[in-house]
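S.K.: Next up, data.csv (CSV, C-alpha atoms).
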chain,number,residue,atom,x,y,z
A,1,MET,CA,113.7,115.8,-53.1
A,2,GLU,CA,117.0,116.8,-51.4
A,3,THR,CA,116.2,120.5,-51.3
A,4,LEU,CA,112.8,119.8,-49.6
A,5,LEU,CA,114.6,117.5,-47.1
A,6,SER,CA,117.1,120.2,-46.4
A,7,ILE,CA,114.4,122.8,-45.8
A,8,ILE,CA,112.6,120.4,-43.3
A,9,LEU,CA,115.9,119.6,-41.6
A,10,LEU,CA,116.6,123.3,-41.3
A,11,PHE,CA,113.2,123.8,-39.6
A,12,MET,CA,113.9,120.9,-37.3
A,13,ILE,CA,117.3,122.4,-36.3
A,14,ILE,CA,115.6,125.8,-35.6
A,15,GLY,CA,112.9,124.0,-33.5
A,16,ALA,CA,115.6,122.1,-31.5
A,17,ILE,CA,117.6,125.3,-30.8
A,18,TYR,CA,114.5,127.2,-29.8
A,19,ALA,CA,113.5,124.3,-27.5
A,20,LEU,CA,116.9,124.7,-25.8
A,21,HIS,CA,116.6,128.4,-25.2
A,22,ALA,CA,112.9,129.0,-24.6
A,23,ARG,CA,112.1,130.6,-21.2
A,24,ASP,CA,108.7,128.9,-21.0
A,25,LEU,CA,109.0,125.2,-20.7
A,26,LEU,CA,105.6,124.6,-22.4
A,27,SER,CA,106.7,126.3,-25.5
A,28,ALA,CA,110.0,124.4,-25.4
A,29,VAL,CA,108.0,121.1,-25.4
A,30,ILE,CA,105.9,122.3,-28.3
A,31,ALA,CA,109.0,123.4,-30.2
A,32,GLN,CA,110.4,120.0,-29.6
A,33,GLY,CA,107.3,118.6,-31.3
A,34,ILE,CA,108.5,120.3,-34.5
A,35,VAL,CA,111.5,118.0,-34.6
A,36,GLY,CA,109.3,114.9,-34.3
A,37,TYR,CA,106.7,115.9,-36.8
A,38,GLY,CA,109.4,117.1,-39.2
A,39,LEU,CA,110.9,113.7,-39.0
A,40,VAL,CA,107.4,112.3,-40.0
A,41,ILE,CA,107.5,114.3,-43.2
A,42,CYS,CA,111.1,113.2,-43.9
A,43,PHE,CA,110.1,109.6,-43.6
A,44,LEU,CA,107.1,110.1,-45.9
A,45,HIS,CA,109.3,111.7,-48.5
A,46,LEU,CA,111.8,108.9,-48.3
A,47,LYS,CA,109.0,106.4,-48.9
A,48,ALA,CA,108.9,104.8,-45.5
A,49,PRO,CA,105.2,104.9,-44.5
A,50,ASP,CA,105.6,102.2,-41.8
A,51,LEU,CA,108.1,104.4,-39.9
A,52,ALA,CA,106.0,107.5,-40.5
A,53,ILE,CA,102.9,105.9,-38.9
A,54,VAL,CA,104.9,104.7,-35.8
A,55,GLN,CA,106.7,108.1,-35.5
A,56,ILE,CA,103.6,110.2,-35.6
A,57,VAL,CA,101.7,108.1,-33.0
A,58,VAL,CA,104.7,107.9,-30.6
A,59,GLU,CA,105.4,111.6,-31.0
A,60,THR,CA,101.8,112.5,-30.2
A,61,ILE,CA,101.6,110.3,-27.1
A,62,THR,CA,105.1,111.5,-25.9
A,63,LEU,CA,104.0,115.1,-26.4
A,64,ILE,CA,100.8,114.5,-24.3
A,65,ILE,CA,102.9,113.0,-21.4
A,66,MET,CA,105.5,115.8,-21.6
A,67,VAL,CA,102.8,118.6,-21.6
A,68,ALA,CA,101.2,116.9,-18.6
A,69,VAL,CA,104.6,116.8,-16.8
A,70,VAL,CA,105.3,120.5,-17.5
A,71,LEU,CA,101.8,121.6,-16.4
A,72,ASP,CA,102.1,119.5,-13.2
A,73,SER,CA,105.6,120.8,-12.1
A,74,SER,CA,106.8,124.2,-13.2
A,75,ARG,CA,106.8,126.2,-16.4
A,76,LYS,CA,109.8,128.3,-15.7
A,77,GLU,CA,113.3,127.2,-16.6
A,78,ILE,CA,116.0,127.4,-13.9
A,79,LYS,CA,118.9,129.3,-15.2
A,80,ALA,CA,122.4,128.0,-14.3
A,81,GLY,CA,125.2,130.4,-13.8
A,82,PHE,CA,128.9,130.1,-14.7
A,83,THR,CA,130.1,128.0,-11.8
A,84,ARG,CA,133.3,126.0,-11.9
A,85,GLY,CA,131.6,122.6,-12.5
A,86,ASN,CA,129.5,124.2,-15.4
A,87,ILE,CA,132.6,125.5,-17.1
A,88,ILE,CA,134.4,122.1,-16.9
A,89,ASN,CA,131.2,120.5,-18.3
A,90,MET,CA,131.1,122.9,-21.2
A,91,ILE,CA,134.8,122.4,-22.1
A,92,SER,CA,134.5,118.6,-22.0
A,93,ALA,CA,131.3,118.8,-24.2
A,94,LEU,CA,133.1,121.0,-26.7
A,95,VAL,CA,136.1,118.6,-26.9
A,96,PHE,CA,133.6,115.7,-27.4
A,97,ILE,CA,131.8,117.6,-30.2
A,98,VAL,CA,135.1,118.3,-32.0
A,99,PHE,CA,136.1,114.6,-31.9
A,100,LEU,CA,132.6,113.5,-33.0
A,101,VAL,CA,132.5,115.9,-36.0
A,102,TYR,CA,136.0,114.8,-37.0
A,103,PHE,CA,135.2,111.1,-37.0
A,104,PHE,CA,131.8,111.7,-38.6
A,105,SER,CA,133.5,113.6,-41.5
A,106,LEU,CA,135.9,110.6,-41.9
A,107,ALA,CA,132.9,108.2,-42.0
A,108,ILE,CA,130.9,110.3,-44.4
A,109,ASP,CA,133.7,110.3,-46.9
A,110,SER,CA,133.6,106.6,-47.2
A,111,LEU,CA,129.8,106.4,-47.6
A,112,HIS,CA,128.0,106.1,-50.9
A,113,THR,CA,126.1,109.0,-52.4
A,114,PHE,CA,122.6,109.8,-51.2
A,115,GLY,CA,120.0,107.4,-52.6
A,116,GLU,CA,122.4,105.0,-54.2
A,117,HIS,CA,123.1,102.2,-51.8
A,118,PRO,CA,124.6,98.9,-52.7
A,119,LEU,CA,122.0,96.2,-52.1
A,120,ARG,CA,123.8,93.0,-51.4
A,121,MET,CA,121.5,91.2,-49.0
A,122,ALA,CA,118.5,93.5,-49.5
A,123,GLU,CA,118.4,92.6,-53.2
A,124,THR,CA,117.5,89.0,-52.3
A,125,TYR,CA,114.9,90.2,-49.8
A,126,VAL,CA,113.2,92.5,-52.3
A,127,LYS,CA,113.2,89.9,-55.1
A,128,GLU,CA,112.1,86.7,-53.2
A,129,GLY,CA,110.5,88.2,-50.0
A,130,ALA,CA,106.9,88.0,-51.2
A,131,GLU,CA,107.1,84.3,-52.3
A,132,LYS,CA,109.2,83.2,-49.4
A,133,THR,CA,107.2,84.8,-46.6
A,134,GLY,CA,103.8,85.2,-48.4
A,135,ALA,CA,103.4,88.7,-47.0
A,136,ALA,CA,102.4,91.5,-49.4
A,137,ASN,CA,104.0,94.1,-47.1
A,138,LEU,CA,107.7,93.4,-47.4
A,139,VAL,CA,108.5,95.2,-44.1
A,140,ALA,CA,106.3,92.8,-42.2
A,141,GLY,CA,107.8,89.9,-44.0
A,142,ILE,CA,111.4,91.0,-43.1
A,143,LEU,CA,110.4,91.9,-39.5
A,144,TRP,CA,108.7,88.6,-38.6
A,145,ASP,CA,110.5,86.1,-40.8
A,146,PHE,CA,114.1,87.0,-41.8
A,147,ARG,CA,114.7,89.2,-38.7
A,148,GLY,CA,112.4,87.6,-36.2
A,149,TYR,CA,115.0,87.8,-33.4
A,150,ASP,CA,115.3,91.6,-33.7
A,151,THR,CA,111.6,92.2,-33.5
A,152,LEU,CA,111.4,89.9,-30.4
A,153,GLY,CA,114.1,92.1,-28.9
A,154,GLU,CA,112.1,95.2,-29.6
A,155,ALA,CA,109.0,93.7,-27.9
A,156,THR,CA,111.2,92.7,-25.0
A,157,ILE,CA,112.5,96.2,-24.6
A,158,LEU,CA,108.9,97.5,-24.3
A,159,PHE,CA,108.1,94.8,-21.8
A,160,THR,CA,111.1,95.7,-19.7
A,161,ALA,CA,110.3,99.4,-19.9
A,162,ALA,CA,106.8,98.7,-18.5
A,163,LEU,CA,108.3,96.6,-15.8
A,164,GLY,CA,110.8,99.3,-14.9
A,165,VAL,CA,108.2,102.0,-14.7
A,166,LEU,CA,106.0,99.8,-12.5
A,167,THR,CA,109.0,99.1,-10.2
A,168,VAL,CA,110.2,102.6,-9.9
A,169,LEU,CA,106.8,104.3,-9.4
A,170,ARG,CA,105.6,101.9,-6.7
A,171,LEU,CA,105.1,104.0,-3.6
A,172,ARG,CA,103.4,101.3,-1.5
A,173,GLY,CA,106.3,98.9,-1.5
A,174,LYS,CA,108.8,101.5,-0.3
A,175,LYS,CA,107.4,101.7,3.2
B,1,MET,CA,91.7,112.2,-11.4
B,2,ARG,CA,89.0,114.7,-12.5
B,3,GLY,CA,87.3,114.5,-15.9
B,4,LEU,CA,87.1,117.3,-18.4
B,5,THR,CA,84.2,119.3,-19.8
B,6,PRO,CA,81.0,117.7,-21.3
B,7,ILE,CA,82.1,118.8,-24.8
B,8,VAL,CA,85.4,116.9,-24.5
B,9,LYS,CA,83.6,113.9,-23.0
B,10,LYS,CA,81.2,113.7,-25.9
B,11,VAL,CA,83.9,114.0,-28.6
B,12,ALA,CA,86.0,111.4,-26.8
B,13,GLN,CA,83.0,109.1,-26.7
B,14,LEU,CA,82.4,109.5,-30.4
B,15,MET,CA,86.0,109.3,-31.5
B,16,SER,CA,87.5,106.5,-29.3
B,17,GLY,CA,85.5,103.7,-31.0
B,18,ILE,CA,86.7,104.8,-34.4
B,19,ILE,CA,90.3,105.1,-33.2
B,20,PHE,CA,90.0,101.6,-31.7
B,21,MET,CA,88.7,100.2,-35.0
B,22,TYR,CA,91.5,101.9,-36.9
B,23,GLY,CA,94.1,100.4,-34.6
B,24,ILE,CA,92.6,96.9,-35.1
B,25,TYR,CA,92.6,97.4,-38.9
B,26,ILE,CA,96.3,98.5,-38.8
B,27,VAL,CA,97.2,95.5,-36.7
B,28,VAL,CA,95.3,92.9,-38.6
B,29,HIS,CA,96.3,94.2,-42.1
B,30,GLY,CA,99.9,94.5,-40.9
B,31,HIS,CA,101.2,92.0,-43.5
B,32,LEU,CA,99.3,93.7,-46.4
B,33,THR,CA,99.5,97.5,-45.9
B,34,PRO,CA,102.0,99.8,-44.1
B,35,GLY,CA,101.7,99.7,-40.4
B,36,GLY,CA,101.9,96.6,-38.3
B,37,ALA,CA,102.0,95.5,-34.7
B,38,PHE,CA,103.9,98.5,-33.2
B,39,ALA,CA,102.0,101.3,-34.9
B,40,GLY,CA,98.6,99.6,-34.5
B,41,GLY,CA,99.3,98.7,-30.8
B,42,ILE,CA,100.1,102.3,-30.0
B,43,ILE,CA,96.9,103.5,-31.7
B,44,LEU,CA,94.9,101.1,-29.6
B,45,ALA,CA,96.6,102.4,-26.5
B,46,GLY,CA,95.8,105.9,-27.7
B,47,SER,CA,92.1,105.2,-27.7
B,48,PHE,CA,92.3,104.0,-24.0
B,49,ILE,CA,94.4,107.0,-23.0
B,50,LEU,CA,91.9,109.4,-24.6
B,51,LEU,CA,89.0,107.8,-22.7
B,52,ILE,CA,90.9,107.9,-19.3
B,53,LEU,CA,92.0,111.5,-19.9
B,54,ALA,CA,88.5,112.7,-20.9
B,55,PHE,CA,86.4,111.0,-18.2
B,56,GLY,CA,88.9,110.7,-15.3
B,57,SER,CA,88.7,107.9,-12.8
B,58,GLU,CA,89.3,106.9,-9.2
B,59,VAL,CA,92.5,105.5,-7.9
B,60,ILE,CA,91.0,102.1,-6.9
B,61,LYS,CA,89.5,101.5,-10.4
B,62,LEU,CA,92.7,102.7,-12.1
B,63,ARG,CA,94.8,100.2,-10.0
B,64,LYS,CA,92.5,97.4,-10.9
B,65,GLU,CA,92.8,98.3,-14.6
B,66,GLU,CA,96.6,98.5,-14.2
B,67,THR,CA,96.7,94.9,-12.8
B,68,GLY,CA,94.6,93.7,-15.8
B,69,SER,CA,96.7,95.5,-18.4
B,70,SER,CA,100.0,94.3,-17.0
B,71,PHE,CA,98.6,90.7,-16.9
B,72,THR,CA,97.5,91.1,-20.6
B,73,GLU,CA,100.9,92.3,-21.6
B,74,SER,CA,102.7,89.4,-20.0
B,75,LEU,CA,100.3,86.9,-21.5
B,76,ALA,CA,100.6,88.3,-25.0
B,77,ILE,CA,104.4,88.2,-25.0
B,78,LEU,CA,104.3,84.7,-23.6
B,79,ILE,CA,102.0,83.5,-26.4
B,80,THR,CA,104.3,85.1,-28.9
B,81,ILE,CA,107.3,83.2,-27.5
B,82,ILE,CA,105.2,80.0,-27.5
B,83,LEU,CA,104.3,80.5,-31.2
B,84,ALA,CA,108.0,81.1,-32.0
B,85,THR,CA,109.0,77.9,-30.1
B,86,ALA,CA,106.3,76.0,-31.9
B,87,GLY,CA,108.0,77.0,-35.1
B,88,PHE,CA,111.2,75.5,-33.7
B,89,PHE,CA,109.5,72.1,-33.2
B,90,ALA,CA,107.1,72.0,-36.2
B,91,GLY,CA,109.6,72.9,-38.9
B,92,SER,CA,113.2,72.4,-39.5
B,93,MET,CA,114.6,73.3,-36.0
B,94,VAL,CA,114.6,77.1,-36.8
B,95,PHE,CA,113.4,79.6,-34.2
B,96,PHE,CA,110.7,81.9,-35.7
B,97,ASN,CA,110.1,79.4,-38.5
B,98,ASN,CA,107.1,80.3,-40.6
B,99,TYR,CA,105.5,76.8,-40.4
B,100,LEU,CA,101.9,77.6,-41.3
B,101,PRO,CA,100.8,77.4,-45.0
B,102,LYS,CA,101.6,80.6,-46.9
B,103,GLY,CA,98.4,81.0,-49.0
B,104,THR,CA,98.2,83.5,-51.9
B,105,VAL,CA,100.1,86.8,-51.6
B,106,GLY,CA,97.7,89.7,-51.0
B,107,GLU,CA,94.8,88.0,-49.2
B,108,LEU,CA,93.9,88.7,-45.6
B,109,VAL,CA,94.5,85.1,-44.5
B,110,SER,CA,98.0,84.5,-45.8
B,111,ALA,CA,101.7,84.7,-44.9
B,112,GLY,CA,101.6,81.8,-42.4
B,113,ALA,CA,102.2,82.8,-38.9
B,114,ILE,CA,103.0,86.5,-39.5
B,115,PRO,CA,99.5,87.8,-38.8
B,116,LEU,CA,99.4,85.9,-35.5
B,117,TYR,CA,102.7,87.4,-34.4
B,118,ASN,CA,101.3,90.9,-35.5
B,119,ILE,CA,98.1,90.5,-33.5
B,120,PHE,CA,99.8,89.3,-30.2
B,121,ILE,CA,102.6,91.8,-30.4
B,122,GLY,CA,100.0,94.5,-31.1
B,123,VAL,CA,98.1,93.5,-27.9
B,124,GLU,CA,101.4,93.5,-26.0
B,125,VAL,CA,102.4,97.0,-27.2
B,126,ALA,CA,99.0,98.4,-26.4
B,127,ALA,CA,98.9,96.9,-22.9
B,128,ALA,CA,102.5,98.1,-22.2
B,129,ILE,CA,101.8,101.7,-23.2
B,130,VAL,CA,98.5,101.7,-21.2
B,131,THR,CA,100.3,100.2,-18.2
B,132,ILE,CA,103.0,102.9,-18.3
B,133,PHE,CA,100.4,105.7,-18.6
B,134,LEU,CA,98.3,104.2,-15.7
B,135,ALA,CA,101.4,103.8,-13.5
B,136,LEU,CA,102.2,107.5,-14.0
B,137,VAL,CA,98.6,108.6,-13.3
B,138,ILE,CA,98.4,106.5,-10.2
B,139,PHE,CA,101.8,107.8,-8.9
B,140,LYS,CA,100.5,111.4,-9.3
B,141,GLU,CA,97.2,110.7,-7.5
B,142,GLU,CA,98.9,108.9,-4.6
B,143,GLU,CA,101.4,111.8,-4.3
B,144,GLU,CA,98.5,114.3,-4.1
B,145,GLN,CA,96.7,112.2,-1.4
B,146,ARG,CA,99.7,112.4,1.0
Would it be possible to restate this file's structure as structure tokens?
M.R.:
Amino acid sequence: METLLSIILLFMIIGAIYALHARDLLSAVIAQGIVGYGLVICFLHLKAPDLAIVQIVVETITLIIMVAVVLDSSRKEIKAGFTRGNIINMISALVFIVFLVYFFSLAIDSLHTFGEHPLRMAETYVKEGAEKTGAANLVAGILWDFRGYDTLGEATILFTAALGVLTVLRLRGKK
Amino acid sequence: MRGLTPIVKKVAQLMSGIIFMYGIYIVVHGHLTPGGAFAGGIILAGSFILLILAFGSEVIKLRKEETGSSFTESLAILITIILATAGFFAGSMVFFNNYLPKGTVGELVSAGAIPLYNIFIGVEVAAAIVTIFLALVIFKEEEEQR
């Protein structure tokens, strides 16, 4: 399973790098779709169909909106030269990456090996979830019973996003 | 917004109903099979977006639809919060308490209040995505009219 995951991750990285360097913005958007759909296959192989369904639908709708934006504005990428501000940005980004990789490597050392997680709280959920919540799908039981606050927060985020889009895009009120 | 060619219109006509039914299935069976409110809600929104993209519409109609969808969204999340608060007063003073009878595991009507939460959050997600899409379309149309 790990070799398959590595191959898909490699494809995703190639797609992301191509999306950064493509001259045509439409092909950049399509290449960015590789990352999303590769993630769908990863979720399916890690036995998370709930996440896979959400990811595939969200990815498709995002891709439609991105393609519409690219077709409506411009398909050519604007190349930025080596000005002073750009070089400062690059150096700060490089320093940030070095720090990030260093602290990630520290964190990865203290993690457990792939696929062998200690299940302290989750063990109780898996054992008694069905009879305590009455839901056959354990994910729904956890989302709406044990972790109800989190799910309400997610719904609130979506509500706030819709409100924000409506507020920002209101041309009439700006007069 | 202009519509697309007759072929696309016909295919959208045939497919959107099936997509809508699939979204309802995913939302209603959220406590039994993989999926749930978020996935099903976005599929529901997808059927509406498909119809709007294929057939096109005028700005006035779109604006009316936007008002309706944002009203639906607010109403759905309000009902969800009322349900959660009802759990607070019905049970043992716990927010999001599952106070309805559980039933047998695996049947369609079971798991207490979880299917109700799933349905209302599904409606909320679908209305939110449609509202965002309509806001973008209306913005573009108004920009072109200037």
S.K.: Once you count only C-alpha atoms, what closest atom pair and distance in Å to one decimal does each residue of chain B within 8 Å of chain A have, with rows by chain and rising residue number, as a tab-separated table?
M.R.:
residue	atom	partner	partner_atom	distance
B:Gly30	CA	A:Ala140	CA	6.7
B:His31	CA	A:Asn137	CA	5.0
B:Leu32	CA	A:Asn137	CA	4.8
B:Thr33	CA	A:Asn137	CA	5.8
B:Pro34	CA	A:Asp50	CA	4.9
B:Gly35	CA	A:Asp50	CA	4.8
B:Gly36	CA	A:Ala140	CA	7.0
B:Phe38	CA	A:Val54	CA	6.8
B:Ala39	CA	A:Val54	CA	4.6
B:Ile42	CA	A:Val57	CA	6.7
B:Ile43	CA	A:Val57	CA	6.8
B:Gly46	CA	A:Ile61	CA	7.3
B:Glu73	CA	A:Phe159	CA	7.6
B:Ser74	CA	A:Phe159	CA	7.8
B:Ile77	CA	A:Ala155	CA	7.7
B:Phe96	CA	A:Gly148	CA	6.0
B:Asn97	CA	A:Asp145	CA	7.1
B:Asn98	CA	A:Asp145	CA	6.7
B:Lys102	CA	A:Gly134	CA	5.3
B:Gly103	CA	A:Gly134	CA	6.9
B:Thr104	CA	A:Gly134	CA	6.8
B:Val105	CA	A:Gly134	CA	5.1
B:Gly106	CA	A:Ala136	CA	5.3
B:Ser110	CA	A:Gly134	CA	6.4
B:Ala111	CA	A:Gly134	CA	4.1
B:Gly112	CA	A:Gly134	CA	7.2
B:Ile114	CA	A:Trp144	CA	6.1
B:Tyr117	CA	A:Trp144	CA	7.4
B:Ile121	CA	A:Ala155	CA	7.1
B:Glu124	CA	A:Ala155	CA	7.8
B:Val125	CA	A:Leu158	CA	7.1
B:Ala128	CA	A:Ala162	CA	5.7
B:Ile129	CA	A:Ala162	CA	7.5
B:Thr131	CA	A:Ala162	CA	6.7
B:Ile132	CA	A:Ala162	CA	5.7
B:Ala135	CA	A:Leu166	CA	6.2
B:Leu136	CA	A:Leu169	CA	7.2
B:Phe139	CA	A:Leu169	CA	6.1
B:Glu142	CA	A:Leu171	CA	8.0
S.K.: May I ask for the distance between CA of Tyr22 (chain B) and CA of Gly41 (chain B), given in Å to one decimal place?
M.R.: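 For CA of Tyr22 (chain B) relative to CA of Gly41 (chain B), the distance reads 10.4 Å.
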S.K.: Separation of CA of Ala22 (chain A) and CA of Lys79 (chain A), in Å?
M.R.: 11.2 Å
S.K.: Using CA of Leu5 (chain A) and CA of Cys42 (chain A) as the two end points, give the distance in Å to one decimal.
M.R.: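 Taking CA of Leu5 (chain A) as the start and CA of Cys42 (chain A) as the end point, the length is 6.4 Å.
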S.K.: Which residues are close to Leu53 (chain B), i.e. within 12 Å by only C-alpha atoms, leaving aside same-chain residues fewer than 5 positions away? Reply as a list in words.
M.R.: Ile64, Ile65 and Ala68 of chain A; Met1, Arg2, Gly3, Leu4, Thr5, Val8, Lys9, Ala12, Gln13, Ser16, Gly46, Ser47, Phe48, Glu58, Leu62, Val130, Phe133, Leu134 and Val137 of chain B
S.K.: Could you turn the residues from that selection into a file that holds C-alpha atoms, as a CSV table (one decimal), in the frame of the given file?
M.R.:
chain,number,residue,atom,x,y,z
A,64,ILE,CA,100.8,114.5,-24.3
A,65,ILE,CA,102.9,113.0,-21.4
A,68,ALA,CA,101.2,116.9,-18.6
B,1,MET,CA,91.7,112.2,-11.4
B,2,ARG,CA,89.0,114.7,-12.5
B,3,GLY,CA,87.3,114.5,-15.9
B,4,LEU,CA,87.1,117.3,-18.4
B,5,THR,CA,84.2,119.3,-19.8
B,8,VAL,CA,85.4,116.9,-24.5
B,9,LYS,CA,83.6,113.9,-23.0
B,12,ALA,CA,86.0,111.4,-26.8
B,13,GLN,CA,83.0,109.1,-26.7
B,16,SER,CA,87.5,106.5,-29.3
B,46,GLY,CA,95.8,105.9,-27.7
B,47,SER,CA,92.1,105.2,-27.7
B,48,PHE,CA,92.3,104.0,-24.0
B,58,GLU,CA,89.3,106.9,-9.2
B,62,LEU,CA,92.7,102.7,-12.1
B,130,VAL,CA,98.5,101.7,-21.2
B,133,PHE,CA,100.4,105.7,-18.6
B,134,LEU,CA,98.3,104.2,-15.7
B,137,VAL,CA,98.6,108.6,-13.3
S.K.: Could you give me, as a list in words, the residues within 12 Å of Ser73 (chain A), counting only C-alpha atoms and dropping anything in the same chain fewer than 5 positions from it?
M.R.: Leu25, Leu26, Met66, Val67 and Ala68 of chain A; Lys140 of chain B
S.K.: Could you rebuild region 40-64 of chain A with N, CA and C atoms and give me the result as a PDB file, in the frame of the given file?
M.R.:
ATOM      1  N   VAL A  40     108.537 112.999 -39.347  1.00  0.00           N
ATOM      2  CA  VAL A  40     107.400 112.300 -40.000  1.00  0.00           C
ATOM      3  C   VAL A  40     107.414 112.594 -41.494  1.00  0.00           C
ATOM      4  N   ILE A  41     107.501 113.924 -41.810  1.00  0.00           N
ATOM      5  CA  ILE A  41     107.500 114.300 -43.200  1.00  0.00           C
ATOM      6  C   ILE A  41     108.665 113.793 -43.969  1.00  0.00           C
ATOM      7  N   CYS A  42     109.842 113.800 -43.296  1.00  0.00           N
ATOM      8  CA  CYS A  42     111.100 113.200 -43.900  1.00  0.00           C
ATOM      9  C   CYS A  42     110.836 111.773 -44.267  1.00  0.00           C
ATOM     10  N   PHE A  43     110.280 111.002 -43.322  1.00  0.00           N
ATOM     11  CA  PHE A  43     110.100 109.600 -43.600  1.00  0.00           C
ATOM     12  C   PHE A  43     109.096 109.373 -44.736  1.00  0.00           C
ATOM     13  N   LEU A  44     108.030 110.223 -44.808  1.00  0.00           N
ATOM     14  CA  LEU A  44     107.100 110.100 -45.900  1.00  0.00           C
ATOM     15  C   LEU A  44     107.725 110.347 -47.235  1.00  0.00           C
ATOM     16  N   HIS A  45     108.622 111.377 -47.277  1.00  0.00           N
ATOM     17  CA  HIS A  45     109.300 111.700 -48.500  1.00  0.00           C
ATOM     18  C   HIS A  45     110.310 110.682 -48.942  1.00  0.00           C
ATOM     19  N   LEU A  46     110.880 109.979 -47.945  1.00  0.00           N
ATOM     20  CA  LEU A  46     111.800 108.900 -48.300  1.00  0.00           C
ATOM     21  C   LEU A  46     111.129 107.594 -48.500  1.00  0.00           C
ATOM     22  N   LYS A  47     109.791 107.623 -48.626  1.00  0.00           N
ATOM     23  CA  LYS A  47     109.000 106.400 -48.900  1.00  0.00           C
ATOM     24  C   LYS A  47     109.072 105.376 -47.862  1.00  0.00           C
ATOM     25  N   ALA A  48     108.895 105.785 -46.599  1.00  0.00           N
ATOM     26  CA  ALA A  48     108.900 104.800 -45.500  1.00  0.00           C
ATOM     27  C   ALA A  48     107.600 105.032 -44.674  1.00  0.00           C
ATOM     28  N   PRO A  49     106.425 104.664 -45.217  1.00  0.00           N
ATOM     29  CA  PRO A  49     105.200 104.900 -44.500  1.00  0.00           C
ATOM     30  C   PRO A  49     105.066 104.193 -43.173  1.00  0.00           C
ATOM     31  N   ASP A  50     105.680 102.995 -43.087  1.00  0.00           N
ATOM     32  CA  ASP A  50     105.600 102.200 -41.800  1.00  0.00           C
ATOM     33  C   ASP A  50     106.208 103.049 -40.686  1.00  0.00           C
ATOM     34  N   LEU A  51     107.436 103.552 -40.940  1.00  0.00           N
ATOM     35  CA  LEU A  51     108.100 104.400 -39.900  1.00  0.00           C
ATOM     36  C   LEU A  51     107.346 105.627 -39.626  1.00  0.00           C
ATOM     37  N   ALA A  52     106.735 106.232 -40.679  1.00  0.00           N
ATOM     38  CA  ALA A  52     106.000 107.500 -40.500  1.00  0.00           C
ATOM     39  C   ALA A  52     104.838 107.297 -39.546  1.00  0.00           C
ATOM     40  N   ILE A  53     104.092 106.183 -39.720  1.00  0.00           N
ATOM     41  CA  ILE A  53     102.900 105.900 -38.900  1.00  0.00           C
ATOM     42  C   ILE A  53     103.393 105.786 -37.405  1.00  0.00           C
ATOM     43  N   VAL A  54     104.427 104.946 -37.189  1.00  0.00           N
ATOM     44  CA  VAL A  54     104.900 104.700 -35.800  1.00  0.00           C
ATOM     45  C   VAL A  54     105.379 106.037 -35.209  1.00  0.00           C
ATOM     46  N   GLN A  55     106.150 106.816 -35.990  1.00  0.00           N
ATOM     47  CA  GLN A  55     106.700 108.100 -35.500  1.00  0.00           C
ATOM     48  C   GLN A  55     105.633 109.054 -35.086  1.00  0.00           C
ATOM     49  N   ILE A  56     104.572 109.182 -35.928  1.00  0.00           N
ATOM     50  CA  ILE A  56     103.600 110.200 -35.600  1.00  0.00           C
ATOM     51  C   ILE A  56     102.774 109.835 -34.391  1.00  0.00           C
ATOM     52  N   VAL A  57     102.484 108.522 -34.214  1.00  0.00           N
ATOM     53  CA  VAL A  57     101.700 108.100 -33.000  1.00  0.00           C
ATOM     54  C   VAL A  57     102.526 108.261 -31.770  1.00  0.00           C
ATOM     55  N   VAL A  58     103.800 107.778 -31.831  1.00  0.00           N
ATOM     56  CA  VAL A  58     104.700 107.900 -30.600  1.00  0.00           C
ATOM     57  C   VAL A  58     104.900 109.307 -30.259  1.00  0.00           C
ATOM     58  N   GLU A  59     105.125 110.178 -31.286  1.00  0.00           N
ATOM     59  CA  GLU A  59     105.400 111.600 -31.000  1.00  0.00           C
ATOM     60  C   GLU A  59     104.186 112.221 -30.311  1.00  0.00           C
ATOM     61  N   THR A  60     102.968 111.897 -30.780  1.00  0.00           N
ATOM     62  CA  THR A  60     101.800 112.500 -30.200  1.00  0.00           C
ATOM     63  C   THR A  60     101.641 112.089 -28.722  1.00  0.00           C
ATOM     64  N   ILE A  61     101.813 110.789 -28.441  1.00  0.00           N
ATOM     65  CA  ILE A  61     101.600 110.300 -27.100  1.00  0.00           C
ATOM     66  C   ILE A  61     102.724 110.872 -26.159  1.00  0.00           C
ATOM     67  N   THR A  62     103.961 110.937 -26.678  1.00  0.00           N
ATOM     68  CA  THR A  62     105.100 111.500 -25.900  1.00  0.00           C
ATOM     69  C   THR A  62     104.779 112.971 -25.563  1.00  0.00           C
ATOM     70  N   LEU A  63     104.256 113.712 -26.569  1.00  0.00           N
ATOM     71  CA  LEU A  63     104.000 115.100 -26.400  1.00  0.00           C
ATOM     72  C   LEU A  63     102.908 115.311 -25.296  1.00  0.00           C
ATOM     73  N   ILE A  64     101.871 114.441 -25.311  1.00  0.00           N
ATOM     74  CA  ILE A  64     100.800 114.500 -24.300  1.00  0.00           C
ATOM     75  C   ILE A  64     101.423 114.352 -22.903  1.00  0.00           C
TER      76      ILE A  64
END
